[in-house]
Each structure stands twice: as C-alpha cells, then as structure tokens.
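Dropping query-v3.cif in here (mmCIF, C-alpha atoms):
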data_target
loop_
_atom_site.group_PDB
_atom_site.id
_atom_site.type_symbol
_atom_site.label_atom_id
_atom_site.label_comp_id
_atom_site.auth_asym_id
_atom_site.auth_seq_id
_atom_site.Cartn_x
_atom_site.Cartn_y
_atom_site.Cartn_z
ATOM 1 C CA MET A 1 169.080 192.173 -106.255
ATOM 2 C CA SER A 2 167.439 193.694 -103.218
ATOM 3 C CA ALA A 3 166.095 196.516 -105.365
ATOM 4 C CA ILE A 4 164.448 194.060 -107.712
ATOM 5 C CA GLN A 5 163.065 192.082 -104.808
ATOM 6 C CA SER A 6 161.604 195.150 -103.197
ATOM 7 C CA GLN A 7 159.985 196.108 -106.477
ATOM 8 C CA VAL A 8 158.367 192.729 -106.710
ATOM 9 C CA THR A 9 157.205 192.549 -103.128
ATOM 10 C CA GLU A 10 156.147 196.177 -102.768
ATOM 11 C CA GLU A 11 152.399 196.441 -102.494
ATOM 12 C CA VAL A 12 150.887 198.327 -105.415
ATOM 13 C CA HIS A 13 147.823 200.390 -104.605
ATOM 14 C CA PRO A 14 144.829 199.221 -106.677
ATOM 15 C CA ASP A 15 144.275 202.824 -107.851
ATOM 16 C CA VAL A 16 147.525 202.683 -109.841
ATOM 17 C CA ALA A 17 146.043 200.296 -112.408
ATOM 18 C CA LEU A 18 142.775 202.248 -112.583
ATOM 19 C CA VAL A 19 144.633 205.513 -113.159
ATOM 20 C CA ALA A 20 146.771 203.904 -115.861
ATOM 21 C CA ARG A 21 143.661 202.616 -117.627
ATOM 22 C CA ALA A 22 141.898 205.976 -117.243
ATOM 23 C CA LYS A 23 144.899 207.717 -118.771
ATOM 24 C CA LEU A 24 144.463 205.520 -121.842
ATOM 25 C CA GLY A 25 140.895 206.714 -122.151
ATOM 26 C CA ASP A 26 139.099 203.963 -120.252
ATOM 27 C CA THR A 27 136.081 205.859 -118.914
ATOM 28 C CA ALA A 28 134.876 202.908 -116.857
ATOM 29 C CA ALA A 29 138.160 202.941 -114.931
ATOM 30 C CA PHE A 30 137.803 206.644 -114.210
ATOM 31 C CA GLU A 31 134.190 206.112 -113.187
ATOM 32 C CA GLN A 32 135.323 203.547 -110.658
ATOM 33 C CA LEU A 33 137.714 206.108 -109.165
ATOM 34 C CA VAL A 34 134.859 208.617 -108.990
ATOM 35 C CA ARG A 35 132.690 206.067 -107.231
ATOM 36 C CA GLN A 36 135.450 205.306 -104.749
ATOM 37 C CA TYR A 37 136.156 208.893 -103.758
ATOM 38 C CA GLU A 38 133.018 210.969 -104.413
ATOM 39 C CA ARG A 39 131.816 210.591 -100.821
ATOM 40 C CA GLN A 40 135.202 211.597 -99.398
ATOM 41 C CA ILE A 41 135.602 214.585 -101.718
ATOM 42 C CA PHE A 42 132.078 215.799 -100.962
ATOM 43 C CA ARG A 43 132.719 215.453 -97.226
ATOM 44 C CA VAL A 44 136.022 217.348 -97.402
ATOM 45 C CA ALA A 45 134.433 220.151 -99.451
ATOM 46 C CA GLN A 46 131.475 220.411 -97.119
ATOM 47 C CA HIS A 47 133.664 220.505 -94.019
ATOM 48 C CA ILE A 48 135.779 223.311 -95.457
ATOM 49 C CA THR A 49 133.056 225.427 -97.066
ATOM 50 C CA GLN A 50 130.252 224.579 -94.615
ATOM 51 C CA ASN A 51 127.867 224.839 -97.515
ATOM 52 C CA ARG A 52 126.150 221.957 -99.265
ATOM 53 C CA GLU A 53 125.655 223.621 -102.633
ATOM 54 C CA ASP A 54 129.274 224.702 -102.736
ATOM 55 C CA ALA A 55 130.316 221.181 -101.807
ATOM 56 C CA GLU A 56 128.288 219.764 -104.706
ATOM 57 C CA ASP A 57 129.881 222.169 -107.183
ATOM 58 C CA ILE A 58 133.355 221.544 -105.793
ATOM 59 C CA THR A 59 132.936 217.772 -106.008
ATOM 60 C CA GLN A 60 132.012 218.069 -109.692
ATOM 61 C CA ASP A 61 134.800 220.539 -110.432
ATOM 62 C CA ALA A 62 137.442 218.545 -108.562
ATOM 63 C CA PHE A 63 136.735 215.340 -110.489
ATOM 64 C CA PHE A 64 136.519 217.251 -113.739
ATOM 65 C CA LYS A 65 139.892 218.883 -113.114
ATOM 66 C CA ALA A 66 141.374 215.546 -112.135
ATOM 67 C CA TYR A 67 140.060 214.053 -115.363
ATOM 68 C CA GLU A 68 141.481 216.870 -117.447
ATOM 69 C CA LYS A 69 144.840 216.820 -115.702
ATOM 70 C CA LEU A 70 145.195 213.083 -115.365
ATOM 71 C CA GLU A 71 148.191 213.108 -117.711
ATOM 72 C CA GLN A 72 150.005 215.357 -115.241
ATOM 73 C CA PHE A 73 149.510 212.955 -112.347
ATOM 74 C CA GLN A 74 152.888 211.280 -112.023
ATOM 75 C CA GLY A 75 152.010 208.841 -109.284
ATOM 76 C CA ASN A 76 154.485 210.304 -106.804
ATOM 77 C CA SER A 77 151.679 210.476 -104.283
ATOM 78 C CA LYS A 78 148.520 208.451 -103.887
ATOM 79 C CA PHE A 79 145.786 209.312 -106.375
ATOM 80 C CA SER A 80 143.427 210.042 -103.466
ATOM 81 C CA THR A 81 145.876 212.549 -101.922
ATOM 82 C CA TRP A 82 146.243 214.281 -105.286
ATOM 83 C CA LEU A 83 142.476 214.428 -105.645
ATOM 84 C CA VAL A 84 141.999 215.765 -102.109
ATOM 85 C CA ARG A 85 144.544 218.469 -102.869
ATOM 86 C CA ILE A 86 142.506 219.578 -105.890
ATOM 87 C CA ALA A 87 139.309 219.587 -103.808
ATOM 88 C CA VAL A 88 140.942 221.562 -100.974
ATOM 89 C CA ASN A 89 142.199 224.200 -103.415
ATOM 90 C CA GLU A 90 138.774 224.469 -105.006
ATOM 91 C CA SER A 91 137.162 224.769 -101.567
ATOM 92 C CA LEU A 92 139.509 227.489 -100.353
ATOM 93 C CA MET A 93 139.004 229.364 -103.605
ATOM 94 C CA ARG A 94 135.262 229.169 -103.058
ATOM 95 C CA LEU A 95 135.650 230.581 -99.542
ATOM 96 C CA ARG A 96 137.793 233.405 -100.886
ATOM 97 C CA LYS A 97 135.114 234.305 -103.396
ATOM 98 C CA ARG A 98 132.497 234.346 -100.705
ATOM 99 C CA LYS A 99 134.501 236.564 -98.384
ATOM 100 C CA THR A 100 135.751 239.172 -100.804
ATOM 101 C CA SER A 101 137.206 241.391 -98.108
ATOM 102 C CA ARG A 102 139.161 238.671 -96.344
ATOM 103 C CA THR A 103 141.812 236.377 -97.671
ATOM 104 C CA VAL A 104 141.469 232.714 -96.969
ATOM 105 C CA SER A 105 144.530 230.569 -97.172
ATOM 106 C CA MET A 106 146.270 227.813 -95.325
ATOM 107 C CA ASP A 107 148.711 230.383 -93.970
ATOM 108 C CA GLU A 108 146.208 232.451 -92.095
ATOM 109 C CA ASP A 109 144.964 231.779 -88.576
ATOM 110 C CA VAL A 110 148.405 231.189 -87.197
ATOM 111 C CA GLN A 111 149.260 234.716 -86.171
ATOM 112 C CA THR A 112 147.815 234.509 -82.689
ATOM 113 C CA GLU A 113 148.286 232.066 -79.887
ATOM 114 C CA ASP A 114 144.520 231.922 -79.498
ATOM 115 C CA GLY A 115 143.219 228.512 -78.640
ATOM 116 C CA SER A 116 146.592 226.911 -78.207
ATOM 117 C CA ILE A 117 146.208 226.587 -74.453
ATOM 118 C CA PRO A 118 143.426 224.527 -72.879
ATOM 119 C CA ARG A 119 141.231 226.416 -70.451
ATOM 120 C CA ASP A 120 138.358 224.102 -69.646
ATOM 121 C CA PHE A 121 139.426 221.283 -67.365
ATOM 122 C CA ALA A 122 136.038 219.833 -66.535
ATOM 123 C CA GLU A 123 135.853 216.072 -66.885
ATOM 124 C CA TRP A 124 133.662 214.712 -69.639
ATOM 125 C CA ARG A 125 131.013 212.087 -69.194
ATOM 126 C CA PRO A 126 132.078 208.557 -70.108
ATOM 127 C CA ASN A 127 129.937 208.379 -73.292
ATOM 128 C CA PRO A 128 129.076 212.021 -73.907
ATOM 129 C CA GLU A 129 127.626 211.486 -77.384
ATOM 130 C CA GLN A 130 124.876 209.346 -75.862
ATOM 131 C CA LEU A 131 123.496 212.370 -74.037
ATOM 132 C CA TYR A 132 122.025 213.666 -77.276
ATOM 133 C CA GLY A 133 119.867 212.366 -80.063
ATOM 134 C CA GLN A 134 121.518 211.814 -83.446
ATOM 135 C CA SER A 135 120.234 215.033 -84.991
ATOM 136 C CA GLU A 136 121.054 217.130 -81.940
ATOM 137 C CA LEU A 137 124.539 215.638 -81.810
ATOM 138 C CA GLY A 138 124.962 216.455 -85.504
ATOM 139 C CA ASP A 139 124.017 220.082 -84.802
ATOM 140 C CA ILE A 140 126.556 220.294 -81.979
ATOM 141 C CA LEU A 141 129.358 218.796 -84.076
ATOM 142 C CA ARG A 142 128.591 221.027 -87.081
ATOM 143 C CA LYS A 143 128.363 224.150 -84.938
ATOM 144 C CA ALA A 144 131.666 223.400 -83.221
ATOM 145 C CA ILE A 145 133.627 222.749 -86.411
ATOM 146 C CA LYS A 146 132.061 225.733 -88.161
ATOM 147 C CA GLY A 147 133.540 227.984 -85.477
ATOM 148 C CA LEU A 148 137.107 226.971 -86.349
ATOM 149 C CA PRO A 149 139.170 229.113 -88.722
ATOM 150 C CA PRO A 150 139.153 227.500 -92.208
ATOM 151 C CA GLY A 151 142.819 226.519 -92.048
ATOM 152 C CA PHE A 152 142.370 224.613 -88.806
ATOM 153 C CA ARG A 153 139.113 223.083 -89.995
ATOM 154 C CA THR A 154 140.832 221.792 -93.114
ATOM 155 C CA VAL A 155 143.713 220.149 -91.259
ATOM 156 C CA PHE A 156 141.358 218.572 -88.717
ATOM 157 C CA THR A 157 139.120 217.241 -91.493
ATOM 158 C CA LEU A 158 141.947 215.585 -93.391
ATOM 159 C CA ARG A 159 143.734 214.167 -90.353
ATOM 160 C CA ASP A 160 140.923 213.244 -88.003
ATOM 161 C CA VAL A 161 137.821 212.839 -90.140
ATOM 162 C CA GLU A 162 139.407 211.415 -93.295
ATOM 163 C CA ASN A 163 142.207 209.686 -91.440
ATOM 164 C CA LEU A 164 145.024 210.879 -93.706
ATOM 165 C CA SER A 165 148.512 210.631 -92.222
ATOM 166 C CA THR A 166 150.385 213.782 -91.207
ATOM 167 C CA GLU A 167 152.598 213.414 -94.285
ATOM 168 C CA GLU A 168 149.638 212.949 -96.656
ATOM 169 C CA THR A 169 147.891 215.955 -95.099
ATOM 170 C CA ALA A 170 151.037 218.053 -95.542
ATOM 171 C CA GLU A 171 151.228 216.971 -99.170
ATOM 172 C CA ALA A 172 147.552 217.652 -99.853
ATOM 173 C CA LEU A 173 147.764 221.127 -98.328
ATOM 174 C CA GLY A 174 151.220 222.141 -99.489
ATOM 175 C CA LEU A 175 152.312 222.607 -95.872
ATOM 176 C CA SER A 176 155.301 221.348 -93.920
ATOM 177 C CA VAL A 177 154.844 218.521 -91.424
ATOM 178 C CA PRO A 178 155.464 220.837 -88.411
ATOM 179 C CA ALA A 179 152.887 223.304 -89.795
ATOM 180 C CA VAL A 180 150.302 220.512 -90.040
ATOM 181 C CA LYS A 181 151.096 219.363 -86.518
ATOM 182 C CA SER A 182 150.766 222.832 -85.017
ATOM 183 C CA ARG A 183 147.441 223.499 -86.786
ATOM 184 C CA LEU A 184 146.123 220.078 -85.847
ATOM 185 C CA LEU A 185 146.911 220.550 -82.166
ATOM 186 C CA ARG A 186 145.152 223.891 -82.100
ATOM 187 C CA ALA A 187 142.176 222.633 -84.085
ATOM 188 C CA ARG A 188 141.756 219.694 -81.718
ATOM 189 C CA LEU A 189 142.105 221.849 -78.609
ATOM 190 C CA GLN A 190 139.659 224.456 -79.870
ATOM 191 C CA LEU A 191 137.098 221.808 -80.788
ATOM 192 C CA ARG A 192 137.567 220.172 -77.405
ATOM 193 C CA GLU A 193 136.846 223.485 -75.684
ATOM 194 C CA ARG A 194 133.737 224.030 -77.799
ATOM 195 C CA LEU A 195 132.406 220.532 -77.173
ATOM 196 C CA SER A 196 133.223 220.599 -73.485
ATOM 197 C CA ARG A 197 130.201 222.699 -72.590
ATOM 198 C CA TYR A 198 127.950 219.995 -74.019
ATOM 199 C CA PHE A 199 129.809 216.925 -72.857
ATOM 200 C CA ARG A 200 131.148 217.810 -69.435
ATOM 201 C CA HIS A 201 129.663 216.632 -66.177
ATOM 202 C CA THR A 202 126.922 219.028 -65.216
ATOM 203 C CA ASN A 203 127.425 221.274 -62.191
ATOM 204 C CA GLY A 204 125.276 219.095 -60.010
ATOM 205 C CA GLU A 205 127.611 216.198 -60.611
ATOM 206 C CA ALA A 206 130.847 218.092 -60.461
ATOM 207 C CA LYS A 207 133.446 216.741 -58.141
ATOM 208 C CA VAL A 208 133.974 220.100 -56.489
ATOM 209 C CA ASP A 209 131.499 220.884 -53.727
ATOM 210 C CA LEU A 210 130.180 224.398 -53.749
ATOM 211 C CA HIS A 211 129.347 225.857 -50.340
ATOM 212 C CA MET B 1 157.730 216.844 -68.680
ATOM 213 C CA THR B 2 155.853 220.151 -68.643
ATOM 214 C CA CYS B 3 152.232 220.639 -69.765
ATOM 215 C CA THR B 4 153.435 222.404 -72.942
ATOM 216 C CA GLU B 5 155.759 219.521 -73.775
ATOM 217 C CA PHE B 6 152.912 217.113 -73.108
ATOM 218 C CA LEU B 7 150.647 218.974 -75.553
ATOM 219 C CA SER B 8 153.328 218.969 -78.236
ATOM 220 C CA LYS B 9 153.516 215.161 -78.010
ATOM 221 C CA LEU B 10 149.774 214.594 -78.109
ATOM 222 C CA ASP B 11 149.583 213.942 -81.860
ATOM 223 C CA ASP B 12 152.418 211.415 -81.826
ATOM 224 C CA TYR B 13 150.932 209.831 -78.724
ATOM 225 C CA PHE B 14 147.556 209.297 -80.412
ATOM 226 C CA ASP B 15 149.315 207.911 -83.476
ATOM 227 C CA GLY B 16 151.326 205.503 -81.338
ATOM 228 C CA LYS B 17 154.514 207.133 -82.584
ATOM 229 C CA VAL B 18 156.223 207.629 -79.236
ATOM 230 C CA ASP B 19 159.009 205.359 -78.058
ATOM 231 C CA ALA B 20 158.845 203.543 -74.744
ATOM 232 C CA GLU B 21 160.793 206.223 -72.885
ATOM 233 C CA LEU B 22 158.565 209.066 -74.073
ATOM 234 C CA LEU B 23 155.446 206.993 -73.478
ATOM 235 C CA ALA B 24 156.495 206.513 -69.853
ATOM 236 C CA GLU B 25 157.083 210.270 -69.524
ATOM 237 C CA VAL B 26 153.650 211.076 -70.959
ATOM 238 C CA GLN B 27 151.968 208.578 -68.672
ATOM 239 C CA ALA B 28 153.860 209.872 -65.629
ATOM 240 C CA HIS B 29 152.863 213.445 -66.467
ATOM 241 C CA VAL B 30 149.185 212.565 -66.853
ATOM 242 C CA LYS B 31 149.253 210.712 -63.567
ATOM 243 C CA LYS B 32 150.354 213.765 -61.643
ATOM 244 C CA CYS B 33 148.605 216.484 -63.686
ATOM 245 C CA SER B 34 144.827 216.214 -63.530
ATOM 246 C CA HIS B 35 144.370 219.022 -66.086
ATOM 247 C CA CYS B 36 146.367 217.183 -68.735
ATOM 248 C CA GLU B 37 144.568 213.967 -67.847
ATOM 249 C CA VAL B 38 141.273 215.686 -68.695
ATOM 250 C CA VAL B 39 142.726 217.219 -71.862
ATOM 251 C CA LEU B 40 144.005 213.820 -73.002
ATOM 252 C CA ASP B 41 140.698 212.085 -72.371
ATOM 253 C CA SER B 42 138.472 214.785 -73.870
ATOM 254 C CA THR B 43 140.690 215.338 -76.918
ATOM 255 C CA ARG B 44 140.654 211.611 -77.614
ATOM 256 C CA LYS B 45 136.859 211.673 -77.376
ATOM 257 C CA THR B 46 136.666 214.746 -79.618
ATOM 258 C CA ILE B 47 138.533 212.872 -82.352
ATOM 259 C CA SER B 48 136.544 209.662 -82.003
ATOM 260 C CA ILE B 49 133.183 211.467 -82.011
ATOM 261 C CA TYR B 50 134.020 213.206 -85.285
ATOM 262 C CA ARG B 51 135.408 210.034 -86.778
ATOM 263 C CA GLU B 52 132.445 207.873 -85.845
ATOM 264 C CA ASN B 53 129.590 210.224 -86.654
ATOM 265 C CA GLU B 54 128.671 211.333 -90.138
ATOM 266 C CA VAL B 55 128.606 215.081 -89.528
ATOM 267 C CA TYR B 56 127.203 215.811 -92.966
ATOM 268 C CA GLU B 57 124.745 213.491 -94.604
ATOM 269 C CA PHE B 58 125.390 212.252 -98.099
ATOM 270 C CA PRO B 59 122.102 210.642 -99.082
ATOM 271 C CA GLU B 60 122.023 208.097 -101.880
ATOM 272 C CA ASP B 61 119.920 210.277 -104.211
ATOM 273 C CA LEU B 62 122.435 213.113 -103.893
ATOM 274 C CA ARG B 63 125.308 210.708 -104.545
ATOM 275 C CA GLU B 64 123.627 209.377 -107.676
ATOM 276 C CA ARG B 65 122.813 212.840 -108.974
ATOM 277 C CA LEU B 66 126.339 214.065 -108.312
ATOM 278 C CA HIS B 67 127.878 210.977 -109.848
ATOM 279 C CA ALA B 68 125.834 211.397 -113.031
ATOM 280 C CA ALA B 69 126.753 215.083 -113.236
ATOM 281 C CA ILE B 70 130.473 214.338 -112.850
ATOM 282 C CA MET B 71 130.456 211.668 -115.550
ATOM 283 C CA LYS B 72 128.421 213.862 -117.896
ATOM 284 C CA LYS B 73 130.845 216.734 -117.463
ATOM 285 C CA CYS B 74 133.858 214.493 -118.046
ATOM 286 C CA SER B 75 132.373 212.812 -121.112
ATOM 287 C CA LYS B 76 132.276 216.188 -122.838
ATOM 288 C CA ALA B 77 135.896 216.931 -122.041
ATOM 289 C CA ARG B 78 137.711 214.498 -124.300
#
Here is the file; what I need is its structure written in the form of structure tokens.
Amino acid sequence: MSAIQSQVTEEVHPDVALVARAKLGDTAAFEQLVRQYERQIFRVAQHITQNREDAEDITQDAFFKAYEKLEQFQGNSKFSTWLVRIAVNESLMRLRKRKTSRTVSMDEDVQTEDGSIPRDFAEWRPNPEQLYGQSELGDILRKAIKGLPPGFRTVFTLRDVENLSTEETAEALGLSVPAVKSRLLRARLQLRERLSRYFRHTNGEAKVDLH
Amino acid sequence: MTCTEFLSKLDDYFDGKVDAELLAEVQAHVKKCSHCEVVLDSTRKTISIYRENEVYEFPEDLRERLHAAIMKKCSKAR
C-alpha cells in the first residue's frame, strides 16, 4: 500500500510529460524543452570552452543529439541532467580538437596538489562586486574562470553557476561524488585566490600597520 | 578540527548538510582561526558573485537565432 501511495504522492517533474510527448513525435513539446534549457546549455558550453562560436555550435549539436537519442532516454535521471551531460561531452570534445597536443578530460588536472591550499588570507571588502562597473566585473569574472583547468571549470559551472546538486553533477560528468567534491573545493579555492587581488582591502586599509 | 578538515567540510557546510555537532565544530574553528574565517567568507562571496552575475551575455537576438537553428536541424532529422 505504501508503495502505491508513494507513487501517487511523488512529485512528477513537468519535463516527464514533455519528453513523453516528444518521444511520440510532438515537435511542439520538444520545442518547449529547447526553450527551457537553451540558455543553460549555452552558458555551460561557453563556460567550458570559453568561446562563443563554439558554444553556439555545441548548443545546436547537443539539442540535435538529444532529439535523435530521445528514445534512449530512460528517465532514470532528470532530462536536464541528461542534456547537460551531452553538452559537457560535446564541449570537452571541442576543447580536445582545439588542443591537439593535449588531452582534455574530466580526469586530468588532479595530479598535482596545486591550488588545494589557500595562500591569500587578506580580508575582502563587504560588497566587493560594487567596486567595479558591470563590464569590468564581467571581465574579472571571465578572466578568473578562464584560468582554471577545464575539469575544475566544468565542475564549478555545474555546481555553483547552474546550481546542480553534487549527485546531479557527478551523474552529468560521469564522476564519483568524492571526485566532484574534491574538484569543486579546488576550483572554488583557486577562483577565490584569483579574485582576491581585486576584492581584498587595499594596502592602505589593511589591518596590519607597516612601519 | 584542523584547517584541512575544515576545508573538506566546506561544501557540506555551504549546502547546509552538516549536523549540529559538526556545525558547532566548524563555527568553533572559524572563531579561533582567522585564516579560515577569511577563506570561508571569501569563498562564499566567490560563489555568490558567480551565481548572481551573468558572466556571459546571451542576448535575445542570439537566443532567437540559435533557437531557430536548433529547430531547423531537428526538423530534418525525423
């Protein structure tokens, strides 16, 4: 009885019905899914590749692949997580093509302990983003994230920009939960270090007196 | 709690996934370790700045163009 009850009361994600309709050939249903996620997929692709033209191509390819493979989507994960996974794979493939001499995968970047220990302990200003104009702030944020290894950038984007859970991120990237957590910590700490030079109290206001 | 242990709990702490006992340990550590206090504050700000600011623009004309291209590509597939 409890099983039946839980089935009845369990909240069904609205995408489930859209996917079911799209599988039956309802183009309008698929178009609604595209509309819902095109911004997110573009953002993910742009964060990973750091290139707008690549991100445009990847967004098209990811939705096209999703459309073609819709039959294979079993609904074991959220549709959006499945879609993000396709987009991440496309993005990493694009990076690999660009850097022919270097491999790019989610497994790289973890060989060293680089960036896993904080070094800059200067306090930040209370509202550091207000120190800069919108376009200058954008430049700072883009520059900082661009400096991260692709694997870290990807985890940070899914967890902290797109707000996916650790489990969803692990699923989208084909990584274990501990692997996501370790990459996320290092991505956050490295970004923090990079941003610190812009957002910290300036020397004149530092708490330490220099004599 | 050491600084390394503190760092390893940061993610769960931000997600509100630490129990009362661990929460008290984290708070006690931050109170006595000014370095970790700074790391906690600035990491929290790092996350919120990226979450609240659109780092890459996605203007409406680009969205429309991309949307049309996606639907055109898919319409040829089946």
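For chain B, the residues within 6 Å of chain A are His35, Val38, Thr43, Thr46, Arg51, Val55, Ile70 and Cys74 of chain B, with all atoms listed in the file used to measure distance.
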Convert the current residue selection to file output with C-alpha atoms, as a short mmCIF file (atom, residue, chain, number, x, y, z; two decimals), in the coordinates of the input.
data_model
loop_
_atom_site.label_atom_id
_atom_site.label_comp_id
_atom_site.auth_asym_id
_atom_site.auth_seq_id
_atom_site.Cartn_x
_atom_site.Cartn_y
_atom_site.Cartn_z
CA HIS B 35 144.37 219.02 -66.09
CA VAL B 38 141.27 215.69 -68.69
CA THR B 43 140.69 215.34 -76.92
CA THR B 46 136.67 214.75 -79.62
CA ARG B 51 135.41 210.03 -86.78
CA VAL B 55 128.61 215.08 -89.53
CA ILE B 70 130.47 214.34 -112.85
CA CYS B 74 133.86 214.49 -118.05
#
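Between atom CA of B:Val18 and atom CA of A:Ala170 the separation is 20.0 Å.
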Closest to B:Cys36 among B:Leu62, B:Leu10, B:Ala20, B:Ala68, using all atoms listed in the file? B:Leu10
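Distance-wise, atom CA of B:His29 and atom CA of A:Glu167 end up 27.8 Å apart.
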Carefully work through the PyMOL selection byres ((chain B and resi 6) around 12) for this structure and note down the residues it includes, as a PyMOL selection string. (chain A and resi 117+185) or (chain B and resi 1-5+7-14+18+22-30+33+35-37+39-40)
d(atom CA of B:Asp15, atom CA of A:His13) in Å: 22.5 Å
Taking (134.9, 224.7, -94.0) in the file's coordinates, which residues come within 10 Å, counting all atoms listed in the file, written as a ChimeraX atom specification? /A:44-51,55,88,91-92,95,145-154,157
